[in-house]
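Participant: This structure is in structure tokens; I'll ask about it shortly.
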2 protein chains.
Amino acid sequence: MKIATWNVNSIRTRLGQVISWLGENNVDVLCLQETKVIDTDFPLTVFHDMGYNTYIYGQKAYNGVALISRQPMKSVSTGFCQVLENLEPKWDDQKRVITGIVDEVRIINLYVPNGSAVGSEKYQYKLQWLAVLKTYLEVLLKCNSDIIMCGDFNIALEDIDIYKQVDTENQIMASLPERQALREILKLGFGDGFRKFNSQGGNYSWWDYRTGAFKRNSGWRIDHHYLTDVLYKQAKSCFIDISPRKLEQPSDHAPVIVEV
Amino acid sequence: MKIATWNVNSIRTRLGQVISWLGENNVDVLCLQETKVIDTDFPLTVFHDMGYNTYIYGQKAYNGVALISRQPMKSVSTGFCQVLENLEPKWDDQKRVITGIVDEVRIINLYVPNGSAVGSEKYQYKLQWLAVLKTYLEVLLKCNSDIIMCGDFNIALEDIDIYKQVDTENQIMASLPERQALREILKLGFGDGFRKFNSQGGNYSWWDYRTGAFKRNSGWRIDHHYLTDVLYKQAKSCFIDISPRKLEQPSDHAPVIVEV
DNA sequence: GGCTTCATCG
DNA sequence: CGATGAAGCC
């Protein structure tokens with residue numbers, strides 16, 4: 001089973017690229033982030049015509065996640081609050097979480113907040129959001145032993161996940177508190193799919209649109225697949241496909257594919 | 001001498017098309033309207049590199065006119081108020097007028113207000129603006145006997161200048177009061193360069209972006225060259241070049257070229 | 001309805 | 001740099 005994650009930075013702008021990529025890469029589930037569209041405007045039919053089942057959780061202009069699955073998914077759930085019933089509803093104002101089960105495997109598709117700048121209000125929100133995510137995962141792990149949690153984490157966990165040395169005190173996506181929050185989550189029992197197969201630096205999934213970052217490979221590895229034990233052990237491959245980033249009008253992120 | 005007028009609907013968006021058109025059409029003066037850019041952001045150097053002298057009169061987001069001249073121009077003047085010293089300054093809030101002399105010929109480049117809808121406040125402004133234009137021309141005619149007044153007039157003077165019969169009571173760009181205001185101006189001694197050579201309908205310079213107007217040639221002839229007597233008599237040709245309207249991301253107007 | 005600004009976000 | 005939405009024009 002092949003599971004891909006791709007922050008497309010607007011599904012409507014990127015639809016042609018996503019469709020052609022999906023035609024060439026026969027993935028079973030494609031997890032999209034930053035769809036940036038309300039559900040009524042999501043281009044469903046083109047995925048249905050390709051034989052995919054589509055589960056969406058979007059909003060206007062910002063955020064938005066979707067699951068594009070060859071097989072119908074079961075136990076699909078959107079947002080945190082359907083799982084954490086006592087959680088304040090405001091945690092679902094931003095559409096960043098969708099999950100469903102296919103072949104006994106729970107796929108969790110996440111768009112973690114960016115956090116803007118260390119110390120900012122948005123940074124606090126990111127850290128709190130990661131704490132909520134942890135409790136969310138604790139609940140799901142009670143029912144589902146096999147989980148693939150993937151998406152745009154907006155966190156580079158190790159220094160080799162960044163093209164240059166950064167200040168881990170002040171650099172968003174690399175600061176120690178957010179790294180620590182993610183490590184606490186991984187301690188629940190997740191392994192990094194990409195690092196099972198590749199321990200080298202220079203592998204990135206996001207390059208800033210500005211300053212020609214992609215040409216110089218000035219990237220960050222912030223899009224991840226985290227797998228629970230059994231899935232991690234049986235994983236066959238995990239790689240970043242940088243080819244869509246070379247096209248005209250690309251997303252700033254490249255898709256990442258794990259095979260289990 | 002070849003004088004072109006072209007409403008480019010943003011010089012920055014259309015720069016590539018304007019430059020390549022200018023390279024292929026060796027005009028002496030190119031009169032631009034709707035440059036939509038403040039003077040500090042106007043792309044001057046690319047015109048200078050082609051050997052053109054550039055005179056600009058722009059504002060943020062709306063309106064804006066420019067003269068692109070092979071020869072340096074003399075007696076360049078922007079707006080109405082430099083010529084009509086007692087005129088209220090508000091008449092230069094919208095940047096719609098620029099003029100200069102080349103080879104003893106005064107080129108006046110105009111972007112006449114559209115007027116929105118007959119009877120609206122903008123319509124009243126259009127009629128008043130045309131009255132001011134008349135007094136402006138009366139002054140210039142005292143000093144310059146040879147004048148080419150060109151630009152986007154937002155007026156189709158005759159029924160054959162429109163692809164279909166319209167209601168001349170209510171149709172903006174065709175209503176009797178605005179046609180009459182323009183006729184009063186032409187009575188000062190101007191002839192329509194295009195009509196010296198072509199008395200046929202079906203010749204248009206503007207096609208609405210909507211409803212595939214260009215494909216069906218549902219156009220209007222609203223971009224004109226008006227010439228004083230001597231120039232009118234010696235004019236060698238006047239034609240509309242519809243080829244740029246066929247490109248991707250075109251202006252909704254085509255350039256018009258007169259040779260004198 | 002097409003298109004181009006601008007402001008905001010990442 | 002590139003996305004969106006709102007406003008204004010035609």
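Residue numbering restarts at 1 for every chain of the structure tokens, chains are lettered A, B, ... in their displayed order, and ligands are numbered from 1 as they appear.
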Select residues of chain B: the criterion is any atom within 9 Å of an atom of chain C, counting only C-alpha atoms (C1' of nucleotides); output as a list in words.
Facilitator: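 Result: Asn9, Ser10, Thr13, Lys36, Lys60, Ala61, Tyr62, Asp208, Tyr209, Arg210 and Thr211 of chain B.
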Participant: Can you pull out the residues contacting Glu178 in chain A? Cut-off 9 Å, using only C-alpha atoms (C1' of nucleotides), and skip same-chain residues under 2 positions away; I want them as a PyMOL selection string.
Facilitator: chain A and resi 123+126-127+130+155+157+172-176+180-183
Participant: For the selection you just gave me, I'd like the residues written to a file as a PDB file, in the first residue's frame, keeping C-alpha atoms.
Facilitator:
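Saved as part.pdb:
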```
ATOM      1  CA  TYR A 123       3.647  30.117  17.891  1.00  0.00           C
ATOM      2  CA  LYS A 126       1.163  25.807  17.359  1.00  0.00           C
ATOM      3  CA  LEU A 127       2.509  24.432  20.643  1.00  0.00           C
ATOM      4  CA  LEU A 130       0.562  19.908  19.194  1.00  0.00           C
ATOM      5  CA  ILE A 155       8.737  21.120  11.882  1.00  0.00           C
ATOM      6  CA  LEU A 157      13.068  17.612  13.694  1.00  0.00           C
ATOM      7  CA  ILE A 172      10.371  28.822  13.403  1.00  0.00           C
ATOM      8  CA  MET A 173       9.985  25.186  12.316  1.00  0.00           C
ATOM      9  CA  ALA A 174      13.223  24.341  14.120  1.00  0.00           C
ATOM     10  CA  SER A 175      12.908  25.772  17.629  1.00  0.00           C
ATOM     11  CA  LEU A 176      13.493  23.456  20.553  1.00  0.00           C
ATOM     12  CA  GLN A 180      10.257  18.715  21.801  1.00  0.00           C
ATOM     13  CA  ALA A 181       6.477  18.770  21.414  1.00  0.00           C
ATOM     14  CA  LEU A 182       6.779  16.594  18.308  1.00  0.00           C
ATOM     15  CA  ARG A 183       9.193  14.227  20.043  1.00  0.00           C
TER      16      ARG A 183
END
```
Participant: Would you please extract all alpha helix (DSSP H) residues from range 7-244 of chain A, as assigned by DSSP on the backbone, and give them as a PyMOL selection string?
Facilitator: chain A and resi 11-24+44-49+121-143+176-186+193-197+229-234
Participant: If you take only C-alpha atoms (C1' of nucleotides) and a cut-off of 12 Å, which residues of chain D touch chain A, and what are their nearest atom pairs and distances in Å to one decimal, in chain and number order, as CSV?
Facilitator:
```
residue,atom,partner,partner_atom,distance
D:DC1,C1',A:Tyr209,CA,4.6
D:DG2,C1',A:Tyr209,CA,7.2
D:DA3,C1',A:Asn9,CA,7.1
D:DT4,C1',A:Ala61,CA,5.4
D:DG5,C1',A:Ala61,CA,7.8
```
Participant: Might you pull out every residue within 6 Å of range 70-74 of chain A, with only C-alpha atoms (C1' of nucleotides) counted and same-chain residues fewer than 3 positions away left off, and present them as number ranges by chain?
Facilitator: A: 28, 52-53, 100-102
Participant: Those selected residues, please, written with all heavy atoms and delivered as a compact mmCIF listing (two decimals), in the first residue's frame.
Facilitator:
```txt
# COMPACT_ATOMS: atom_id res chain seq x y z
N ASP A 28 -2.30 4.51 -3.23
CA ASP A 28 -3.60 4.08 -2.72
C ASP A 28 -4.31 5.20 -1.99
O ASP A 28 -5.52 5.30 -2.07
CB ASP A 28 -3.38 2.86 -1.79
CG ASP A 28 -2.83 1.70 -2.56
OD1 ASP A 28 -3.62 1.00 -3.21
OD2 ASP A 28 -1.59 1.50 -2.55
N TYR A 52 -11.25 7.41 -7.59
CA TYR A 52 -10.85 7.65 -6.20
C TYR A 52 -12.04 8.10 -5.35
O TYR A 52 -12.94 8.80 -5.84
CB TYR A 52 -9.75 8.70 -6.11
CG TYR A 52 -8.38 8.14 -6.42
CD1 TYR A 52 -7.87 8.17 -7.71
CD2 TYR A 52 -7.61 7.56 -5.42
CE1 TYR A 52 -6.62 7.64 -8.00
CE2 TYR A 52 -6.35 7.03 -5.70
CZ TYR A 52 -5.86 7.07 -6.98
OH TYR A 52 -4.63 6.55 -7.26
N ASN A 53 -12.03 7.70 -4.10
CA ASN A 53 -12.99 8.18 -3.11
C ASN A 53 -12.37 9.37 -2.39
O ASN A 53 -11.18 9.34 -2.04
CB ASN A 53 -13.30 7.07 -2.10
CG ASN A 53 -13.85 5.83 -2.79
OD1 ASN A 53 -15.04 5.75 -3.07
ND2 ASN A 53 -12.97 4.89 -3.11
N GLY A 100 -9.03 8.46 8.40
CA GLY A 100 -9.91 7.37 7.99
C GLY A 100 -9.12 6.08 7.94
O GLY A 100 -7.89 6.09 7.98
N ILE A 101 -9.85 4.97 7.87
CA ILE A 101 -9.21 3.65 7.90
C ILE A 101 -9.33 2.99 6.55
O ILE A 101 -10.41 3.00 5.94
CB ILE A 101 -9.85 2.76 8.99
CG1 ILE A 101 -9.59 3.36 10.38
CG2 ILE A 101 -9.31 1.34 8.91
CD1 ILE A 101 -10.24 2.57 11.52
N VAL A 102 -8.23 2.44 6.07
CA VAL A 102 -8.24 1.64 4.85
C VAL A 102 -7.34 0.43 5.08
O VAL A 102 -6.23 0.57 5.62
CB VAL A 102 -7.80 2.48 3.62
CG1 VAL A 102 -6.38 3.00 3.78
CG2 VAL A 102 -7.97 1.72 2.34
```
Participant: Return the single residue from A:Glu184, A:Gly51, A:Ala117, A:Cys143 that is closest to Glu169 in chain A, with distances computed using only C-alpha atoms.
Facilitator: A:Ala117
Participant: How far is it from CA of Gln59 in chain A to CA of Asp223 in chain A, in Å with one decimal?
Facilitator: 21.2 Å
Participant: One decimal, Å: what's the distance from CA of Asn217 in chain A over to CA of Asn203 in chain A, could you say?
Facilitator: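 So the answer is 8.8 Å.
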